[in-house]
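Here is structure_36.pdb, consisting of PDB, C-alpha atoms and all ligand atoms:
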ATOM      1  CA  MET A   1     108.117 112.170 144.734
ATOM      2  CA  SER A   2     110.852 109.565 144.411
ATOM      3  CA  ALA A   3     111.240 107.913 141.040
ATOM      4  CA  ILE A   4     109.695 104.486 140.599
ATOM      5  CA  SER A   5     111.602 101.762 138.757
ATOM      6  CA  SER A   6     110.387 100.051 135.624
ATOM      7  CA  GLY A   7     109.906  96.831 137.643
ATOM      8  CA  GLN A   8     107.681  98.698 140.118
ATOM      9  CA  ALA A   9     105.785 100.358 137.261
ATOM     10  CA  LEU A  10     105.103  96.936 135.748
ATOM     11  CA  ARG A  11     103.801  95.524 139.016
ATOM     12  CA  MET A  12     101.635  98.570 139.570
ATOM     13  CA  ALA A  13     100.150  98.240 136.088
ATOM     14  CA  GLN A  14      99.502  94.505 136.381
ATOM     15  CA  HIS A  15      97.721  95.189 139.619
ATOM     16  CA  ALA A  16      95.640  97.961 138.026
ATOM     17  CA  LEU A  17      94.714  95.640 135.142
ATOM     18  CA  PHE A  18      93.855  92.761 137.453
ATOM     19  CA  GLY A  19      91.046  90.665 136.002
ATOM     20  CA  SER A  20      92.187  90.986 132.386
ATOM     21  CA  ASP A  21      93.686  87.740 130.931
ATOM     22  CA  THR A  22      96.302  89.837 129.213
ATOM     23  CA  ALA A  23      97.308  92.050 132.163
ATOM     24  CA  GLN A  24     100.994  91.125 132.049
ATOM     25  CA  ILE A  25     101.593  91.455 128.318
ATOM     26  CA  ASP A  26      99.471  94.622 128.155
ATOM     27  CA  ALA A  27     101.456  96.211 130.992
ATOM     28  CA  GLU A  28     104.731  95.280 129.299
ATOM     29  CA  LEU A  29     103.707  96.642 125.906
ATOM     30  CA  LEU A  30     102.458  99.928 127.384
ATOM     31  CA  LEU A  31     105.600 100.384 129.452
ATOM     32  CA  CYS A  32     107.807  99.640 126.435
ATOM     33  CA  ALA A  33     105.935 102.339 124.515
ATOM     34  CA  ALA A  34     106.252 104.876 127.348
ATOM     35  CA  LEU A  35     109.982 104.223 127.746
ATOM     36  CA  GLY A  36     110.906 103.537 124.132
ATOM     37  CA  ALA A  37     112.309 100.217 125.396
ATOM     38  CA  THR A  38     112.051  96.598 124.279
ATOM     39  CA  ARG A  39     110.525  93.853 126.444
ATOM     40  CA  ALA A  40     113.975  92.293 126.785
ATOM     41  CA  GLY A  41     115.197  95.696 127.964
ATOM     42  CA  LEU A  42     112.531  95.830 130.698
ATOM     43  CA  TYR A  43     113.663  92.508 132.091
ATOM     44  CA  ALA A  44     117.375  93.209 131.744
ATOM     45  CA  TRP A  45     117.139  96.379 133.843
ATOM     46  CA  PRO A  46     114.101  96.310 136.179
ATOM     47  CA  GLU A  47     115.717  98.906 138.476
ATOM     48  CA  ARG A  48     115.751 101.523 135.683
ATOM     49  CA  PRO A  49     114.154 104.663 137.186
ATOM     50  CA  LEU A  50     111.371 106.348 135.240
ATOM     51  CA  THR A  51     111.747 110.063 134.582
ATOM     52  CA  PRO A  52     108.670 112.153 135.477
ATOM     53  CA  ALA A  53     107.855 112.484 131.746
ATOM     54  CA  GLU A  54     108.092 108.701 131.250
ATOM     55  CA  ARG A  55     105.920 108.083 134.279
ATOM     56  CA  GLY A  56     103.340 110.577 133.035
ATOM     57  CA  ARG A  57     103.297 108.937 129.594
ATOM     58  CA  PHE A  58     102.948 105.475 131.122
ATOM     59  CA  GLU A  59     100.117 106.514 133.424
ATOM     60  CA  SER A  60      98.129 108.072 130.616
ATOM     61  CA  LEU A  61      98.532 104.947 128.419
ATOM     62  CA  LEU A  62      97.553 102.752 131.363
ATOM     63  CA  GLU A  63      94.495 104.904 132.080
ATOM     64  CA  ARG A  64      93.223 104.335 128.531
ATOM     65  CA  ARG A  65      93.718 100.583 128.905
ATOM     66  CA  ILE A  66      91.905 100.574 132.266
ATOM     67  CA  LEU A  67      88.944 102.173 130.461
ATOM     68  CA  GLY A  68      88.961  99.187 128.085
ATOM     69  CA  GLU A  69      90.613 100.577 124.962
ATOM     70  CA  PRO A  70      92.478  97.786 123.109
ATOM     71  CA  VAL A  71      96.277  97.913 123.433
ATOM     72  CA  ALA A  72      96.581  97.673 119.644
ATOM     73  CA  TYR A  73      94.612 100.922 119.238
ATOM     74  CA  ILE A  74      96.491 102.664 122.065
ATOM     75  CA  LEU A  75      99.846 101.788 120.524
ATOM     76  CA  GLU A  76      98.492 101.984 116.953
ATOM     77  CA  GLU A  77     100.229  98.744 116.102
ATOM     78  CA  ARG A  78      99.950  94.972 116.299
ATOM     79  CA  GLU A  79     102.226  92.146 115.249
ATOM     80  CA  PHE A  80     100.798  89.635 112.814
ATOM     81  CA  TRP A  81     102.697  86.796 111.131
ATOM     82  CA  THR A  82     106.197  88.300 110.793
ATOM     83  CA  LEU A  83     104.946  91.863 110.333
ATOM     84  CA  ARG A  84     104.418  94.873 112.556
ATOM     85  CA  LEU A  85     101.218  96.481 111.280
ATOM     86  CA  ARG A  86      99.809  99.905 111.969
ATOM     87  CA  VAL A  87      96.206  99.624 113.143
ATOM     88  CA  THR A  88      93.588 102.278 113.838
ATOM     89  CA  PRO A  89      89.961 102.045 114.990
ATOM     90  CA  ALA A  90      89.042 101.953 111.273
ATOM     91  CA  VAL A  91      90.229  98.332 111.090
ATOM     92  CA  LEU A  92      89.776  95.042 112.908
ATOM     93  CA  ILE A  93      92.729  94.195 115.153
ATOM     94  CA  PRO A  94      94.532  91.266 113.495
ATOM     95  CA  ARG A  95      94.157  88.043 115.510
ATOM     96  CA  PRO A  96      96.579  85.119 115.818
ATOM     97  CA  GLU A  97      93.818  82.737 114.602
ATOM     98  CA  THR A  98      93.889  84.447 111.222
ATOM     99  CA  GLU A  99      97.486  83.333 110.712
ATOM    100  CA  LEU A 100      95.934  79.933 109.897
ATOM    101  CA  LEU A 101      94.577  81.430 106.654
ATOM    102  CA  VAL A 102      98.042  82.651 105.691
ATOM    103  CA  GLU A 103      99.695  79.366 106.601
ATOM    104  CA  THR A 104      97.088  77.356 104.677
ATOM    105  CA  ALA A 105      97.458  79.511 101.563
ATOM    106  CA  LEU A 106     101.240  79.062 101.599
ATOM    107  CA  THR A 107     100.914  75.294 102.088
ATOM    108  CA  LEU A 108      98.380  74.929  99.268
ATOM    109  CA  ALA A 109     100.599  76.852  96.881
ATOM    110  CA  GLY A 110     103.623  74.691  97.573
ATOM    111  CA  PRO A 111     107.227  75.708  98.101
ATOM    112  CA  ALA A 112     108.533  79.206  97.437
ATOM    113  CA  GLY A 113     109.815  79.686  93.935
ATOM    114  CA  ALA A 114     106.835  77.880  92.459
ATOM    115  CA  GLU A 115     104.299  79.613  90.211
ATOM    116  CA  ALA A 116     103.534  83.329  90.408
ATOM    117  CA  LEU A 117      99.990  83.270  91.731
ATOM    118  CA  ARG A 118      97.273  85.885  91.511
ATOM    119  CA  VAL A 119      95.703  86.189  94.949
ATOM    120  CA  ALA A 120      92.911  88.359  96.420
ATOM    121  CA  ASP A 121      92.232  89.201 100.085
ATOM    122  CA  LEU A 122      88.648  90.469 100.403
ATOM    123  CA  GLY A 123      87.940  92.882 103.275
ATOM    124  CA  THR A 124      91.629  93.323 104.027
ATOM    125  CA  GLY A 125      91.281  95.749 106.990
ATOM    126  CA  SER A 126      94.830  96.497 108.150
ATOM    127  CA  GLY A 127      96.133  94.386 105.248
ATOM    128  CA  ALA A 128      97.186  91.552 107.568
ATOM    129  CA  ILE A 129      96.482  88.620 105.225
ATOM    130  CA  ALA A 130      97.439  90.316 101.957
ATOM    131  CA  LEU A 131     100.677  91.786 103.280
ATOM    132  CA  SER A 132     101.767  88.559 104.985
ATOM    133  CA  LEU A 133     101.332  86.653 101.715
ATOM    134  CA  ALA A 134     103.015  89.406  99.713
ATOM    135  CA  SER A 135     106.006  89.369 102.054
ATOM    136  CA  GLU A 136     106.344  85.576 101.960
ATOM    137  CA  ARG A 137     105.955  85.314  98.183
ATOM    138  CA  PRO A 138     107.374  88.443  96.511
ATOM    139  CA  HIS A 139     106.623  87.010  93.065
ATOM    140  CA  TRP A 140     102.861  86.709  93.734
ATOM    141  CA  GLN A 141     100.493  89.480  92.702
ATOM    142  CA  VAL A 142      98.278  90.230  95.662
ATOM    143  CA  LEU A 143      95.134  92.348  95.515
ATOM    144  CA  ALA A 144      93.652  93.683  98.767
ATOM    145  CA  THR A 145      90.085  94.994  98.780
ATOM    146  CA  ASP A 146      87.896  96.701 101.332
ATOM    147  CA  GLN A 147      84.603  98.529 101.279
ATOM    148  CA  SER A 148      86.021 101.060 103.725
ATOM    149  CA  VAL A 149      88.227 103.784 102.251
ATOM    150  CA  ALA A 150      89.665 104.442 105.725
ATOM    151  CA  ALA A 151      90.688 100.771 106.024
ATOM    152  CA  LEU A 152      92.301 100.819 102.569
ATOM    153  CA  GLN A 153      94.340 103.828 103.648
ATOM    154  CA  VAL A 154      95.643 101.898 106.669
ATOM    155  CA  ALA A 155      96.413  98.820 104.542
ATOM    156  CA  SER A 156      98.178 100.744 101.774
ATOM    157  CA  ASP A 157     100.129 102.736 104.351
ATOM    158  CA  ASN A 158     101.258  99.413 105.842
ATOM    159  CA  ALA A 159     102.383  98.204 102.408
ATOM    160  CA  VAL A 160     104.496 101.346 101.992
ATOM    161  CA  ARG A 161     106.001 101.084 105.497
ATOM    162  CA  LEU A 162     106.879  97.449 104.891
ATOM    163  CA  GLY A 163     108.291  98.158 101.432
ATOM    164  CA  LEU A 164     105.975  95.626  99.768
ATOM    165  CA  HIS A 165     105.458  96.431  96.106
ATOM    166  CA  ASN A 166     103.513  93.365  94.955
ATOM    167  CA  VAL A 167     100.203  94.396  96.540
ATOM    168  CA  SER A 168      97.531  96.572  94.976
ATOM    169  CA  PHE A 169      94.325  97.931  96.498
ATOM    170  CA  ARG A 170      90.734  98.327  95.327
ATOM    171  CA  GLN A 171      87.677  99.653  97.049
ATOM    172  CA  GLY A 172      84.419  97.710  96.986
ATOM    173  CA  SER A 173      82.258  95.036  98.521
ATOM    174  CA  TRP A 174      83.557  91.441  98.413
ATOM    175  CA  CYS A 175      83.827  90.045  94.872
ATOM    176  CA  GLU A 176      82.300  93.206  93.371
ATOM    177  CA  ALA A 177      85.649  94.879  94.021
ATOM    178  CA  LEU A 178      87.512  92.370  91.856
ATOM    179  CA  PRO A 179      88.713  93.381  88.407
ATOM    180  CA  GLU A 180      88.336  91.276  85.240
ATOM    181  CA  GLY A 181      90.444  88.170  85.149
ATOM    182  CA  LEU A 182      90.728  85.052  87.234
ATOM    183  CA  PHE A 183      92.463  84.521  90.563
ATOM    184  CA  ASP A 184      94.309  81.432  91.753
ATOM    185  CA  MET A 185      93.276  82.046  95.322
ATOM    186  CA  ILE A 186      90.702  84.182  97.097
ATOM    187  CA  LEU A 187      90.941  84.596 100.873
ATOM    188  CA  SER A 188      88.785  86.437 103.353
ATOM    189  CA  ASN A 189      88.282  86.987 107.049
ATOM    190  CA  PRO A 190      84.852  88.616 106.725
ATOM    191  CA  PRO A 191      82.574  89.740 109.550
ATOM    192  CA  TYR A 192      80.884  86.632 110.944
ATOM    193  CA  ILE A 193      79.455  87.503 114.355
ATOM    194  CA  ALA A 194      75.649  87.450 114.638
ATOM    195  CA  PRO A 195      73.958  90.770 115.466
ATOM    196  CA  GLY A 196      73.251  90.890 119.189
ATOM    197  CA  ASP A 197      75.916  88.280 120.101
ATOM    198  CA  ALA A 198      76.962  88.800 123.727
ATOM    199  CA  HIS A 199      80.700  88.873 122.795
ATOM    200  CA  LEU A 200      80.167  92.200 121.031
ATOM    201  CA  GLY A 201      79.793  93.840 124.436
ATOM    202  CA  GLN A 202      83.080  92.424 125.731
ATOM    203  CA  GLY A 203      86.787  93.202 125.481
ATOM    204  CA  ASP A 204      88.361  94.616 122.320
ATOM    205  CA  LEU A 205      85.227  93.969 120.228
ATOM    206  CA  ARG A 206      83.501  96.960 121.885
ATOM    207  CA  PHE A 207      85.997  99.265 120.162
ATOM    208  CA  GLU A 208      86.319  97.598 116.757
ATOM    209  CA  PRO A 209      84.325  98.659 113.662
ATOM    210  CA  SER A 210      81.011  96.796 113.661
ATOM    211  CA  SER A 211      81.222  96.536 109.859
ATOM    212  CA  ALA A 212      84.267  94.282 110.362
ATOM    213  CA  LEU A 213      82.591  92.121 113.011
ATOM    214  CA  ILE A 214      78.850  91.769 112.457
ATOM    215  CA  SER A 215      77.013  90.030 109.661
ATOM    216  CA  ALA A 216      73.283  89.342 109.235
ATOM    217  CA  GLU A 217      71.755  85.841 109.029
ATOM    218  CA  GLN A 218      73.438  84.581 112.230
ATOM    219  CA  GLY A 219      76.755  85.920 110.980
ATOM    220  CA  LEU A 220      76.586  84.087 107.644
ATOM    221  CA  ALA A 221      75.401  86.772 105.185
ATOM    222  CA  ASP A 222      78.852  87.931 104.075
ATOM    223  CA  LEU A 223      80.308  84.411 104.022
ATOM    224  CA  ARG A 224      77.364  83.443 101.783
ATOM    225  CA  ALA A 225      77.867  86.414  99.435
ATOM    226  CA  ILE A 226      81.542  85.514  99.016
ATOM    227  CA  CYS A 227      80.920  81.772  98.468
ATOM    228  CA  HIS A 228      78.263  82.432  95.852
ATOM    229  CA  ALA A 229      80.238  85.002  93.854
ATOM    230  CA  ALA A 230      83.782  83.615  94.128
ATOM    231  CA  PRO A 231      83.530  80.853  91.473
ATOM    232  CA  ARG A 232      83.167  83.455  88.696
ATOM    233  CA  HIS A 233      86.483  85.022  89.744
ATOM    234  CA  LEU A 234      88.567  81.878  90.262
ATOM    235  CA  ALA A 235      90.661  80.065  87.694
ATOM    236  CA  PRO A 236      89.947  76.334  87.279
ATOM    237  CA  GLY A 237      91.731  74.622  90.150
ATOM    238  CA  GLY A 238      91.640  77.890  92.170
ATOM    239  CA  TRP A 239      90.995  77.975  95.906
ATOM    240  CA  LEU A 240      88.672  79.875  98.227
ATOM    241  CA  LEU A 241      89.778  80.111 101.887
ATOM    242  CA  LEU A 242      87.500  81.589 104.536
ATOM    243  CA  GLU A 243      87.818  82.300 108.223
ATOM    244  CA  HIS A 244      84.590  81.833 110.190
ATOM    245  CA  GLY A 245      83.214  81.409 113.695
ATOM    246  CA  PHE A 246      83.983  78.178 115.520
ATOM    247  CA  GLU A 247      80.338  77.116 115.316
ATOM    248  CA  GLN A 248      79.943  77.916 111.621
ATOM    249  CA  GLY A 249      81.994  75.096 110.049
ATOM    250  CA  THR A 250      79.014  73.014 108.952
ATOM    251  CA  ALA A 251      77.149  76.029 107.558
ATOM    252  CA  VAL A 252      80.183  77.285 105.627
ATOM    253  CA  ARG A 253      80.930  73.845 104.164
ATOM    254  CA  GLN A 254      77.318  73.754 103.006
ATOM    255  CA  LEU A 255      77.692  77.201 101.392
ATOM    256  CA  LEU A 256      80.822  76.009  99.583
ATOM    257  CA  ASP A 257      79.100  72.816  98.423
ATOM    258  CA  GLU A 258      76.052  74.641  97.096
ATOM    259  CA  SER A 259      78.320  77.123  95.276
ATOM    260  CA  GLY A 260      79.800  74.278  93.226
ATOM    261  CA  PHE A 261      83.152  73.867  94.986
ATOM    262  CA  SER A 262      84.858  70.553  95.576
ATOM    263  CA  GLY A 263      87.404  69.334  98.105
ATOM    264  CA  VAL A 264      85.516  71.201 100.820
ATOM    265  CA  ARG A 265      87.148  70.963 104.244
ATOM    266  CA  THR A 266      87.565  72.760 107.564
ATOM    267  CA  LEU A 267      90.767  73.261 109.572
ATOM    268  CA  ALA A 268      91.153  73.837 113.305
ATOM    269  CA  ASP A 269      92.970  76.819 114.820
ATOM    270  CA  LEU A 270      95.569  76.768 117.614
ATOM    271  CA  ASN A 271      92.773  76.346 120.156
ATOM    272  CA  ALA A 272      91.558  73.272 118.226
ATOM    273  CA  LEU A 273      88.432  75.160 117.105
ATOM    274  CA  PRO A 274      87.116  74.859 113.524
ATOM    275  CA  ARG A 275      88.173  78.218 112.081
ATOM    276  CA  VAL A 276      89.050  78.056 108.374
ATOM    277  CA  SER A 277      87.132  76.335 105.575
ATOM    278  CA  LEU A 278      88.512  75.934 102.093
ATOM    279  CA  ALA A 279      87.510  74.474  98.792
ATOM    280  CA  CYS A 280      88.692  74.200  95.227
ATOM    281  CA  LEU A 281      87.028  75.090  91.937
ATOM    282  CA  GLU A 282      87.201  71.897  89.954
ATOM    283  CA  VAL A 283      89.130  71.900  86.687
ATOM    284  CA  LEU A 284      86.536  71.616  83.895
ATOM    285  CA  GLY A 285      86.381  68.212  82.234
ATOM    286  CA  GLU A 286      87.891  66.333  85.159
TER     287      GLU A 286
HETATM  288  N1  LIG B 301      87.697  86.682 115.128
HETATM  289  C1  LIG B 301      86.988  87.804 115.643
HETATM  290  C2  LIG B 301      86.430  87.489 117.009
HETATM  291  O1  LIG B 301      85.669  86.559 117.156
HETATM  292  C3  LIG B 301      85.873  88.218 114.721
HETATM  293  C4  LIG B 301      86.424  88.686 113.452
HETATM  294  C5  LIG B 301      85.483  88.567 112.336
HETATM  295  O2  LIG B 301      84.264  88.703 112.484
HETATM  296  N2  LIG B 301      86.027  88.313 111.207
HETATM  297  O3  LIG B 301      86.774  88.129 117.961
END
Encoding of this model in structure tokens:
Amino acid sequence: MSAISSGQALRMAQHALFGSDTAQIDAELLLCAALGATRAGLYAWPERPLTPAERGRFESLLERRILGEPVAYILEEREFWTLRLRVTPAVLIPRPETELLVETALTLAGPAGAEALRVADLGTGSGAIALSLASERPHWQVLATDQSVAALQVASDNAVRLGLHNVSFRQGSWCEALPEGLFDMILSNPPYIAPGDAHLGQGDLRFEPSSALISAEQGLADLRAICHAAPRHLAPGGWLLLEHGFEQGTAVRQLLDESGFSGVRTLADLNALPRVSLACLEVLGE
């Protein structure tokens, strides 16, 4: 059997993954993993022959992808914000949309070097939100919570790998996991998909933990629990920032209103879909 080149391997994989919107990037990432190469390396030297071991590795990674397994779980990693995070099937795969939560938190807090804030990320999963904020603002104290012990292990392992020392971890459900004391900001990307939603049977969602995806009451039960409990844990002037489904903006703004927040608003993600709602706990006496 004559050796195939990395360019041929890529074409073969894209063909095998035909029909997926991410065929090209998936093929590139799997080939990089099989060869220990970078994407730039693939393009700089498309004639590079694959050794039989490399070809075997590539074909077994590709086989898993053809069966639907998410690339992030196959490679056990995903990039989010500026970080490379380890992910396992115990955690939701971080999505680019969620970077809007990080960006909004940084904007609200003002320029680096300002106050040392106390921030909580509820249901941290891989740690994506908490670790991004901790890396951008080393003087903040970030707390990451999750009900799942397996998820907390992934998140704390990511903190160690990234050398981030300003993040701590606590197990528990939403605000019940929070210690005494008041936070300047609480963020969460909770589960918000309604049970039975057709998307749950498609793509990566089939492989992700249902506890990170599905919430009762048309996907609003966990968002409601967080909105109702958060005011007791926020300092006056503190912020709550929530990711939600693109059709849930009105419902989440209502939950924030009825929980006593002010300045309630919703922001659109990169696809111009309403994705993040935020609100402020009014300073008493104002
Ligand atoms: N954003 C994910 C999706 O719709 C869902 C994640 C979540 O429920 N927080 O694919």
- Message: Considering all atoms listed in the file, can you say which of A:Arg170, A:Arg265, A:Arg95, A:His165 comes closest to ligand LIG 301 (chain B)?
- Response: A:Arg95
Just want the residues within 10 Å of ligand LIG 301 (chain B), written as a CSV table (one decimal) with C-alpha atoms, in the frame of the given file, counting all atoms listed in the file.
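What landed in result-v8.csv:
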chain,number,residue,atom,x,y,z
A,92,LEU,CA,89.8,95.0,112.9
A,93,ILE,CA,92.7,94.2,115.2
A,94,PRO,CA,94.5,91.3,113.5
A,95,ARG,CA,94.2,88.0,115.5
A,96,PRO,CA,96.6,85.1,115.8
A,97,GLU,CA,93.8,82.7,114.6
A,98,THR,CA,93.9,84.4,111.2
A,123,GLY,CA,87.9,92.9,103.3
A,188,SER,CA,88.8,86.4,103.4
A,189,ASN,CA,88.3,87.0,107.0
A,190,PRO,CA,84.9,88.6,106.7
A,191,PRO,CA,82.6,89.7,109.6
A,192,TYR,CA,80.9,86.6,110.9
A,193,ILE,CA,79.5,87.5,114.4
A,194,ALA,CA,75.6,87.4,114.6
A,199,HIS,CA,80.7,88.9,122.8
A,200,LEU,CA,80.2,92.2,121.0
A,202,GLN,CA,83.1,92.4,125.7
A,203,GLY,CA,86.8,93.2,125.5
A,204,ASP,CA,88.4,94.6,122.3
A,205,LEU,CA,85.2,94.0,120.2
A,208,GLU,CA,86.3,97.6,116.8
A,210,SER,CA,81.0,96.8,113.7
A,211,SER,CA,81.2,96.5,109.9
A,212,ALA,CA,84.3,94.3,110.4
A,213,LEU,CA,82.6,92.1,113.0
A,214,ILE,CA,78.8,91.8,112.5
A,215,SER,CA,77.0,90.0,109.7
A,219,GLY,CA,76.8,85.9,111.0
A,223,LEU,CA,80.3,84.4,104.0
A,242,LEU,CA,87.5,81.6,104.5
A,243,GLU,CA,87.8,82.3,108.2
A,244,HIS,CA,84.6,81.8,110.2
A,245,GLY,CA,83.2,81.4,113.7
A,246,PHE,CA,84.0,78.2,115.5
A,275,ARG,CA,88.2,78.2,112.1
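Closest approach to Ile186 in chain A from the set A:Ala134, A:Ala229, A:Val167, A:Leu122 is made by A:Leu122, with distances taken over all atoms listed in the file.
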- Query: Leaving out Gln147 in chain A and any residue of its chain fewer than 5 positions from it, which residues lie within 9 Å of it when counting all atoms listed in the file, given as a PyMOL selection string?
  - Reply: chain A and resi 123+152+170-174+177
Output file for the residues above (C-alpha atoms, as an mmCIF file, keeping the file's coordinate frame):
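Once everything was written out, this is out.cif:
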data_model
loop_
_atom_site.group_PDB
_atom_site.id
_atom_site.type_symbol
_atom_site.label_atom_id
_atom_site.label_comp_id
_atom_site.auth_asym_id
_atom_site.auth_seq_id
_atom_site.Cartn_x
_atom_site.Cartn_y
_atom_site.Cartn_z
ATOM 1 C CA GLY A 123 87.940 92.882 103.275
ATOM 2 C CA LEU A 152 92.301 100.819 102.569
ATOM 3 C CA ARG A 170 90.734 98.327 95.327
ATOM 4 C CA GLN A 171 87.677 99.653 97.049
ATOM 5 C CA GLY A 172 84.419 97.710 96.986
ATOM 6 C CA SER A 173 82.258 95.036 98.521
ATOM 7 C CA TRP A 174 83.557 91.441 98.413
ATOM 8 C CA ALA A 177 85.649 94.879 94.021
#
- Item | Selection: 8 Å around range 65-76 of chain A, only C-alpha atoms, excl. self and same-chain fewer than 6 positions, as a VMD selection string | chain A and resid 16 to 17 26 29 to 30 33 86 to 89 93 203 to 204 207
- Hey, what's within 10 Å of Glu136 in chain A if we count only C-alpha atoms and toss same-chain stuff fewer than 6 positions away? As a VMD selection string, please? chain A and resid 81 to 82 102 106 112
- Query: Can you list, as a ChimeraX atom specification, every protein, DNA or RNA residue that comes within 12 Å of Glu258 in chain A when you count only C-alpha atoms, leaving out same-chain residues fewer than 3 positions away?
  - Reply: /A:224,227-229,231,251-255,261-262,264,279
Go ahead and dump the residues you just picked, C-alpha atoms, as an mmCIF file, keeping the file's coordinate frame.
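What follows is the written file again.cif:
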data_model
loop_
_atom_site.group_PDB
_atom_site.id
_atom_site.type_symbol
_atom_site.label_atom_id
_atom_site.label_comp_id
_atom_site.auth_asym_id
_atom_site.auth_seq_id
_atom_site.Cartn_x
_atom_site.Cartn_y
_atom_site.Cartn_z
ATOM 1 C CA ARG A 224 77.364 83.443 101.783
ATOM 2 C CA CYS A 227 80.920 81.772 98.468
ATOM 3 C CA HIS A 228 78.263 82.432 95.852
ATOM 4 C CA ALA A 229 80.238 85.002 93.854
ATOM 5 C CA PRO A 231 83.530 80.853 91.473
ATOM 6 C CA ALA A 251 77.149 76.029 107.558
ATOM 7 C CA VAL A 252 80.183 77.285 105.627
ATOM 8 C CA ARG A 253 80.930 73.845 104.164
ATOM 9 C CA GLN A 254 77.318 73.754 103.006
ATOM 10 C CA LEU A 255 77.692 77.201 101.392
ATOM 11 C CA PHE A 261 83.152 73.867 94.986
ATOM 12 C CA SER A 262 84.858 70.553 95.576
ATOM 13 C CA VAL A 264 85.516 71.201 100.820
ATOM 14 C CA ALA A 279 87.510 74.474 98.792
#
- Expansion of the PyMOL selection byres (((chain A and resi 47) around 12) and not hetatm) into residues, as JSON, numbers by chain: {"A": [3, 4, 5, 6, 7, 8, 9, 10, 41, 42, 43, 44, 45, 46, 48, 49, 50]}
- Within 10 Å of (96.0, 89.9, 99.8) (coordinates as in the file), grab all the protein and nucleic acid residues, counting all atoms listed in the file, and write them out as an NGL selection string. :A and (102 or 118-124 or 127-134 or 140-145 or 166-169 or 185-188)
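The two atoms in question, CA of Ala116 in chain A and CA of Asp184 in chain A, are spaced 9.5 Å apart.
Atom pair CA of Ala150 in chain A / CA of Glu77 in chain A: separated by 15.9 Å.
Taking all atoms listed in the file into account, Ala90 in chain A lies nearest to A:Gly125 out of the set A:Pro179, A:Pro195, A:Gly56, A:Gly125.
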